[in-house]
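A quick write-up on the structure given underneath.
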Amino acid sequence: MKLHAKQHLEQLCDAVPSLTSSSILLLKRSLAVAVILCALLPLFHAGCWIKPAEPGMRQCLYDKDGTWHDIGSRWRTSDCMKCYCQANGDMSCCQAFSEPTSFPDGCMKEFDQKACQYNVFKKNDRSIPCPIYGGKGK
């Protein structure tokens with residue numbers, strides 16, 4: 001029985017084409033790209049991000065509204081992010097709000113840009129607030 005399994009394994013190994021150095025390099029590159037893409041995937045929906053400092057920068061630039069901020073400063077942006085200009089010049093920003101994901105069916109959510117928060121209220125009467133059972137972010 002062991003001899004039969006060994007012969008079968010040898011047949012399988014013979015069936016696999018030998019790898020050349022160029023095909024190994026291609027596999028390594030493909031693996032590297034796959035690892036990078038997998039690492040970046042969570043960032044597409046992340047509530048926080050970091051922008052590395054550019055060489056020689058002594059302030060942080062928030063690109064979306066073109067504002068400069070001193071190292072060590074904290075601020076809230078026009079698009080509702082809480083940001084911090086770190087000592088090394090990196091800028092870190094996180095959402096300043098959470099988004100309701102669970103609330104009663106007869107209710108709806110609406111984002112208040114000035115207050116940087118979601119309000120949840122009855123669909124047929126905006127003056128009646130609704131309970132929020134769960135959310136994401138912040």
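In the structure tokens, chains take letters A, B, ... by order of appearance, with residues numbered from 1 within each chain and ligands from 1 in the order shown.
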
Q) Can you list, as a list of chain:residue names, every protein, DNA or RNA residue that comes within 7 Å of segment 117-129 of chain A when you count only C-alpha atoms, leaving out same-chain residues fewer than 5 positions away? A)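 Using only C-alpha atoms, the neighbours found are A:Phe97, A:Glu99, A:Gly106, A:Cys107, A:Met108, A:Lys109, A:Glu110, A:Phe111, A:Asp112.
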
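The protein and nucleic acid residues lying at most 7 Å from Met91 of chain A are Ile50, Lys51, Pro52, Cys60, Cys83, Tyr84, Cys85 and Gln86 of chain A, with only C-alpha atoms considered and sequence neighbours fewer than 3 positions away removed.
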
Q.
Can you pull out the residues contacting Asn88 of chain A? Cut-off 10 Å, using only C-alpha atoms, and skip same-chain residues under 6 positions away; I want them as a VMD selection string.
A. chain A and resid 52 to 53 57 to 59 71 to 72

Please save N, CA, C and O atoms of the selected residues as a PDB file, in the first residue's frame.
ATOM      1  N   PRO A  52       1.419  60.479   5.814  1.00  0.00           N
ATOM      2  CA  PRO A  52       2.820  60.664   6.206  1.00  0.00           C
ATOM      3  C   PRO A  52       3.325  62.058   5.835  1.00  0.00           C
ATOM      4  O   PRO A  52       2.897  62.636   4.837  1.00  0.00           O
ATOM      5  N   ALA A  53       4.220  62.564   6.654  1.00  0.00           N
ATOM      6  CA  ALA A  53       4.802  63.889   6.397  1.00  0.00           C
ATOM      7  C   ALA A  53       5.710  63.844   5.176  1.00  0.00           C
ATOM      8  O   ALA A  53       6.367  62.842   4.921  1.00  0.00           O
ATOM      9  N   MET A  57       8.611  69.259   5.810  1.00  0.00           N
ATOM     10  CA  MET A  57       7.350  69.885   6.228  1.00  0.00           C
ATOM     11  C   MET A  57       7.393  70.199   7.725  1.00  0.00           C
ATOM     12  O   MET A  57       7.828  69.390   8.513  1.00  0.00           O
ATOM     13  N   ARG A  58       6.935  71.387   8.071  1.00  0.00           N
ATOM     14  CA  ARG A  58       6.872  71.792   9.478  1.00  0.00           C
ATOM     15  C   ARG A  58       5.437  72.053   9.908  1.00  0.00           C
ATOM     16  O   ARG A  58       5.186  72.519  11.009  1.00  0.00           O
ATOM     17  N   GLN A  59       4.510  71.796   9.028  1.00  0.00           N
ATOM     18  CA  GLN A  59       3.086  71.908   9.305  1.00  0.00           C
ATOM     19  C   GLN A  59       2.378  70.780   8.566  1.00  0.00           C
ATOM     20  O   GLN A  59       2.966  70.127   7.706  1.00  0.00           O
ATOM     21  N   ILE A  71       2.322  71.768  14.019  1.00  0.00           N
ATOM     22  CA  ILE A  71       2.624  70.514  14.693  1.00  0.00           C
ATOM     23  C   ILE A  71       2.093  70.588  16.122  1.00  0.00           C
ATOM     24  O   ILE A  71       2.219  71.604  16.803  1.00  0.00           O
ATOM     25  N   GLY A  72       1.444  69.513  16.545  1.00  0.00           N
ATOM     26  CA  GLY A  72       0.854  69.440  17.881  1.00  0.00           C
ATOM     27  C   GLY A  72      -0.581  69.931  17.948  1.00  0.00           C
ATOM     28  O   GLY A  72      -1.237  69.781  18.973  1.00  0.00           O
TER      29      GLY A  72
END

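Atom to atom, atom CA of Thr77 of chain A and atom CA of Ser102 of chain A stand 26.6 Å apart.
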
Q: Excluding Cys80 of chain A and residues on its chain fewer than 3 positions from it, collect all residues at most 9 Å away from it, counting only C-alpha atoms, and give them as an MDAnalysis selection string.
A: chainID A and resid 76:77 94:97 113:117

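The residue that comes closest to Pro55 of chain A, out of A:Ser22, A:Thr67, A:Asp90, A:Gly135 and on the basis of only C-alpha atoms, is A:Asp90.
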